[in-house]
Amino acid sequence: EPTKSTPSKRLRQGLLQVRDDLHNQQRDTGKMTKALLGPTVSTVYNFRCLGRSLLGTYQLANHSIRETGFTKYCLIMLWLVATSAYWVGAIIGSKVVVKLRTGSNLCFEDHADSVTSIQDREGRKRLFQAAVVIPALVSNMAGQAQLRRTVESVLVQCTHEQLDVVVDDGSPIAINMNLDLSNFAVIRKSRNAGPAAARNTGAQYALERGAKTICFLDSDASADKEWFKEHLKMQAAKPGIYGGLTTSSSATLVSRLHECIGTLRGPLLPDGSLLYAPTCNLSVSSACWVSFDETFKSAAFEDVEFCIRMRKQGWKTWLIATAVVYHEYETSLLGLWKQFYRYGKAEPKMIQKHREYLDWLASASTDYERTK
């Protein structure tokens with residue numbers, strides 16, 4: 001005679017089934033992650049992150065920091081905060097990367113936007129020789145003032161044949177520059193899609209108006225008075241991809257840490273080219289333009305991925321040490337943590353797309369003295 005199934009027994013069987021399903025799902029996810037990032041990724045990748053952190057700490061303490069005494073120890077502690085955030089982000093990113101698989105290695109989306117169009121007196125599109133694209137996500141009046149400083153640092157360098165484009169990436173407050181200029185445009189996106197998508201939108205707008213060179217600048221940075229001219233000079237001599245020299249606009253402890261570790265300084269490879277250049281100081285010729293990968297939704301690794309992808313297509317990134325940008329870093333401890341957590345979380349996706357990246361990074365250096 002079959003045993004009667006009591007409610008408690010059915011509940012226990014149901015819980016055991018849920019446990020078995022979770023174990024099977026975790027096992028399948030682990031296999032999928034290893035297939036995407038390489039063998040034993042959960043061990044090798046995490047230990048590689050830890051090794052880079054320890055090596056970075058040693059180099060920072062013995063070579064990179066020129067300060068002594070209490071300031072030196074403060075910078076080392078800030079570095080430990082940053083690298084721990086990066087490691088945590090990398091571990092989490094390696095677990096969620098399996099959810100991001102798509103049929104294509106590159107994603108580009110175009111949405112209907114509100115555009116301040118530039119036309120001549122007869123209603124035709126105006127054409128420009130070059131353009132500067134500035135993506136912006138403004139949430140308060142301080143960000144509005146910061147963006148104005150960025151725009152003004154560019155407009156003083158632009159002629160009437162050079163275009164300045166601000167892409168409002170779904171800001172919660174309206175961006176109002178109050179600038180009635182023939183070479184300035186604001187593109188307003190209906191929703192926030194990330195800096196990669198904003199740059200694609202701005203670049204497409206500029207290319208449709210004849211721009212042969214597109215320079216990228218961030219809304220929390222200001223260009224040196226010769227910045228645009230230096231990029232255009234190199235692009236005229238040899239069209240391609242160029243990155244300038246980015247330095248801090250302040251002398252806070254967090255800013256000094258960024259200077260020591262070269263956060264926004266593209267690493268130099270043995271052949272003298274840059275492994276990548278950050279999009280806060282980058283120029284691209286229309287001859288080699290391709291879209292940024294919009295699957296990178298945050299400000300992390302979308303510029304690295306672009307430069308690595310172009311390098312594999314034969315377009316190297318080169319340094320222009322005279323094209324200087326002054327960057328306004330987030331100076332709070334929480335801001336530092338969030339920034340490096342964001343970087344770490346995006347790296348596994350970068351490795352999924354370009355497995356050569358870590359090997360190239362290991363052979364690179366941020367010592368720009370070699371270029372002199």
# chains A, B, ... in the order shown; residues from 1 in each chain; ligands from 1
>>> residues_around(residues="range 250-254 of chain A", least_positions_apart="6", cutoff="8 Å", atoms="only C-alpha atoms", output="PDB file with all heavy atoms, in the first residue's frame")
ATOM      1  N   CYS A  74      48.584  58.003   3.344  1.00  0.00           N
ATOM      2  CA  CYS A  74      47.206  58.310   2.970  1.00  0.00           C
ATOM      3  C   CYS A  74      46.926  57.877   1.535  1.00  0.00           C
ATOM      4  O   CYS A  74      45.866  57.303   1.236  1.00  0.00           O
ATOM      5  CB  CYS A  74      46.916  59.806   3.137  1.00  0.00           C
ATOM      6  SG  CYS A  74      46.745  60.343   4.849  1.00  0.00           S
ATOM      7  N   LEU A  75      47.874  58.141   0.633  1.00  0.00           N
ATOM      8  CA  LEU A  75      47.697  57.752  -0.765  1.00  0.00           C
ATOM      9  C   LEU A  75      47.666  56.235  -0.922  1.00  0.00           C
ATOM     10  O   LEU A  75      46.895  55.695  -1.721  1.00  0.00           O
ATOM     11  CB  LEU A  75      48.812  58.353  -1.618  1.00  0.00           C
ATOM     12  CG  LEU A  75      48.771  59.872  -1.805  1.00  0.00           C
ATOM     13  CD1 LEU A  75      50.023  60.355  -2.531  1.00  0.00           C
ATOM     14  CD2 LEU A  75      47.525  60.292  -2.578  1.00  0.00           C
ATOM     15  N   LEU A  78      44.268  55.061   0.166  1.00  0.00           N
ATOM     16  CA  LEU A  78      43.284  55.339  -0.882  1.00  0.00           C
ATOM     17  C   LEU A  78      43.406  54.327  -2.011  1.00  0.00           C
ATOM     18  O   LEU A  78      42.391  53.885  -2.584  1.00  0.00           O
ATOM     19  CB  LEU A  78      43.467  56.760  -1.419  1.00  0.00           C
ATOM     20  CG  LEU A  78      43.019  57.905  -0.512  1.00  0.00           C
ATOM     21  CD1 LEU A  78      43.400  59.246  -1.123  1.00  0.00           C
ATOM     22  CD2 LEU A  78      41.515  57.850  -0.262  1.00  0.00           C
ATOM     23  N   GLU A 328      38.307  66.957 -13.756  1.00  0.00           N
ATOM     24  CA  GLU A 328      37.809  67.189 -12.402  1.00  0.00           C
ATOM     25  C   GLU A 328      37.336  65.852 -11.823  1.00  0.00           C
ATOM     26  O   GLU A 328      36.235  65.397 -12.107  1.00  0.00           O
ATOM     27  CB  GLU A 328      36.658  68.203 -12.415  1.00  0.00           C
ATOM     28  CG  GLU A 328      37.069  69.570 -12.943  1.00  0.00           C
ATOM     29  CD  GLU A 328      35.927  70.573 -12.887  1.00  0.00           C
ATOM     30  OE1 GLU A 328      35.077  70.463 -11.979  1.00  0.00           O
ATOM     31  OE2 GLU A 328      35.883  71.467 -13.749  1.00  0.00           O
ATOM     32  N   TYR A 329      38.188  65.234 -11.015  1.00  0.00           N
ATOM     33  CA  TYR A 329      37.852  63.936 -10.435  1.00  0.00           C
ATOM     34  C   TYR A 329      36.854  64.082  -9.289  1.00  0.00           C
ATOM     35  O   TYR A 329      36.800  65.112  -8.619  1.00  0.00           O
ATOM     36  CB  TYR A 329      39.113  63.249  -9.899  1.00  0.00           C
ATOM     37  CG  TYR A 329      40.078  62.790 -10.965  1.00  0.00           C
ATOM     38  CD1 TYR A 329      41.247  63.499 -11.225  1.00  0.00           C
ATOM     39  CD2 TYR A 329      39.841  61.642 -11.699  1.00  0.00           C
ATOM     40  CE1 TYR A 329      42.148  63.073 -12.188  1.00  0.00           C
ATOM     41  CE2 TYR A 329      40.730  61.199 -12.669  1.00  0.00           C
ATOM     42  CZ  TYR A 329      41.885  61.928 -12.906  1.00  0.00           C
ATOM     43  OH  TYR A 329      42.762  61.503 -13.863  1.00  0.00           O
ATOM     44  N   GLU A 330      36.095  63.016  -9.063  1.00  0.00           N
ATOM     45  CA  GLU A 330      35.273  62.921  -7.862  1.00  0.00           C
ATOM     46  C   GLU A 330      36.218  62.781  -6.662  1.00  0.00           C
ATOM     47  O   GLU A 330      37.073  61.895  -6.638  1.00  0.00           O
ATOM     48  CB  GLU A 330      34.351  61.707  -7.968  1.00  0.00           C
ATOM     49  CG  GLU A 330      33.622  61.340  -6.693  1.00  0.00           C
ATOM     50  CD  GLU A 330      32.684  62.421  -6.223  1.00  0.00           C
ATOM     51  OE1 GLU A 330      31.780  62.787  -6.990  1.00  0.00           O
ATOM     52  OE2 GLU A 330      32.866  62.902  -5.092  1.00  0.00           O
ATOM     53  N   THR A 331      36.102  63.645  -5.681  1.00  0.00           N
ATOM     54  CA  THR A 331      37.100  63.699  -4.614  1.00  0.00           C
ATOM     55  C   THR A 331      36.699  62.972  -3.340  1.00  0.00           C
ATOM     56  O   THR A 331      37.509  62.857  -2.429  1.00  0.00           O
ATOM     57  CB  THR A 331      37.402  65.171  -4.250  1.00  0.00           C
ATOM     58  OG1 THR A 331      36.184  65.822  -3.856  1.00  0.00           O
ATOM     59  CG2 THR A 331      38.010  65.906  -5.435  1.00  0.00           C
ATOM     60  N   SER A 332      35.467  62.462  -3.244  1.00  0.00           N
ATOM     61  CA  SER A 332      35.040  61.782  -2.017  1.00  0.00           C
ATOM     62  C   SER A 332      35.502  60.331  -2.030  1.00  0.00           C
ATOM     63  O   SER A 332      35.765  59.733  -3.081  1.00  0.00           O
ATOM     64  CB  SER A 332      33.522  61.843  -1.876  1.00  0.00           C
ATOM     65  OG  SER A 332      32.888  61.046  -2.867  1.00  0.00           O
ATOM     66  N   LEU A 333      35.579  59.736  -0.837  1.00  0.00           N
ATOM     67  CA  LEU A 333      35.980  58.338  -0.708  1.00  0.00           C
ATOM     68  C   LEU A 333      34.948  57.424  -1.362  1.00  0.00           C
ATOM     69  O   LEU A 333      35.312  56.448  -2.039  1.00  0.00           O
ATOM     70  CB  LEU A 333      36.142  57.982   0.778  1.00  0.00           C
ATOM     71  CG  LEU A 333      36.896  56.686   1.100  1.00  0.00           C
ATOM     72  CD1 LEU A 333      38.320  56.758   0.580  1.00  0.00           C
ATOM     73  CD2 LEU A 333      36.876  56.425   2.597  1.00  0.00           C
ATOM     74  N   LEU A 336      35.372  57.545  -5.099  1.00  0.00           N
ATOM     75  CA  LEU A 336      36.522  56.738  -5.512  1.00  0.00           C
ATOM     76  C   LEU A 336      36.146  55.266  -5.562  1.00  0.00           C
ATOM     77  O   LEU A 336      36.467  54.553  -6.522  1.00  0.00           O
ATOM     78  CB  LEU A 336      37.684  56.955  -4.546  1.00  0.00           C
ATOM     79  CG  LEU A 336      38.970  56.172  -4.837  1.00  0.00           C
ATOM     80  CD1 LEU A 336      39.625  56.672  -6.109  1.00  0.00           C
ATOM     81  CD2 LEU A 336      39.934  56.271  -3.652  1.00  0.00           C
TER      82      LEU A 336
END
>>> residues_around(residues="Lys212 in chain A", least_positions_apart="4", cutoff="7 Å", atoms="only C-alpha atoms", output="list of chain:residue names")
A:Gln129, A:Ala130, A:Ser285, A:Ser286
>>> residues_around(residues="Cys215 in chain A", least_positions_apart="3", cutoff="8 Å", atoms="only C-alpha atoms", output="PDB file with C-alpha atoms, in the first residue's frame")
ATOM      1  CA  ALA A 130      35.782  68.905 -37.519  1.00  0.00           C
ATOM      2  CA  ALA A 131      33.715  68.475 -34.382  1.00  0.00           C
ATOM      3  CA  VAL A 132      33.983  68.074 -30.615  1.00  0.00           C
ATOM      4  CA  VAL A 133      31.435  65.733 -28.990  1.00  0.00           C
ATOM      5  CA  PHE A 228      41.790  71.079 -30.293  1.00  0.00           C
ATOM      6  CA  HIS A 231      44.527  66.996 -32.311  1.00  0.00           C
ATOM      7  CA  ASN A 281      40.776  63.161 -24.527  1.00  0.00           C
ATOM      8  CA  LEU A 282      40.445  61.277 -27.802  1.00  0.00           C
ATOM      9  CA  SER A 283      40.219  62.076 -31.503  1.00  0.00           C
ATOM     10  CA  VAL A 284      39.132  59.757 -34.306  1.00  0.00           C
TER      11      VAL A 284
END
>>> residues_around(residues="range 177-180 of chain A", least_positions_apart="4", cutoff="9 Å", atoms="only C-alpha atoms", output="list in words")
Gln144, Leu147, Arg148, Val151, Phe184 and Val186 of chain A
>>> write_last_selection(atoms="C-alpha atoms", output="PDB file, in the first residue's frame")
ATOM      1  CA  GLN A 144      25.443  72.456 -15.136  1.00  0.00           C
ATOM      2  CA  LEU A 147      29.452  71.482 -18.253  1.00  0.00           C
ATOM      3  CA  ARG A 148      29.510  75.200 -19.086  1.00  0.00           C
ATOM      4  CA  VAL A 151      31.901  73.925 -23.403  1.00  0.00           C
ATOM      5  CA  PHE A 184      27.033  74.840 -31.386  1.00  0.00           C
ATOM      6  CA  VAL A 186      22.595  70.306 -28.251  1.00  0.00           C
TER       7      VAL A 186
END
>>> residues_around(residues="Ser84 in chain A", least_positions_apart="2", cutoff="9 Å", atoms="only C-alpha atoms", output="ChimeraX atom specification")
/A:50,53,79-82,86-89,337,340-341
>>> residues_around(residues="Cys307 in chain A", least_positions_apart="2", cutoff="12 Å", atoms="only C-alpha atoms", output="PyMOL selection string")
chain A and resi 240-243+266-267+273-279+282-284+288-293+301-305+309-318+350+354+357
>>> select_by_dssp(residues="range 180-367 of chain A", states="strand (DSSP E or B)", output="PyMOL selection string")
chain A and resi 184-189+213-216+221-223+241-248+268+274+282-285+317-327+365
>>> residues_around(residues="Ala196 in chain A", least_positions_apart="3", cutoff="8 Å", atoms="only C-alpha atoms", output="PyMOL selection string")
chain A and resi 193+199-200+292-294+296-299+302
>>> closest_residue(among="A:Ala206, A:Leu137, A:Leu361, A:Leu245", to="Gln162 in chain A", atoms="only C-alpha atoms")
A:Ala206
>>> atom_distance(atom1="CA of Ala185 in chain A", atom2="CA of Leu207 in chain A")
13.7 Å
>>> closest_residue(among="A:Ala300, A:Val324, A:Pro172, A:Gly194", to="Asp224 in chain A", atoms="only C-alpha atoms")
A:Val324
>>> atom_distance(atom1="CA of Arg256 in chain A", atom2="CA of Ala142 in chain A")
22.3 Å
>>> atom_distance(atom1="CA of Gly262 in chain A", atom2="CA of Phe306 in chain A")
19.2 Å
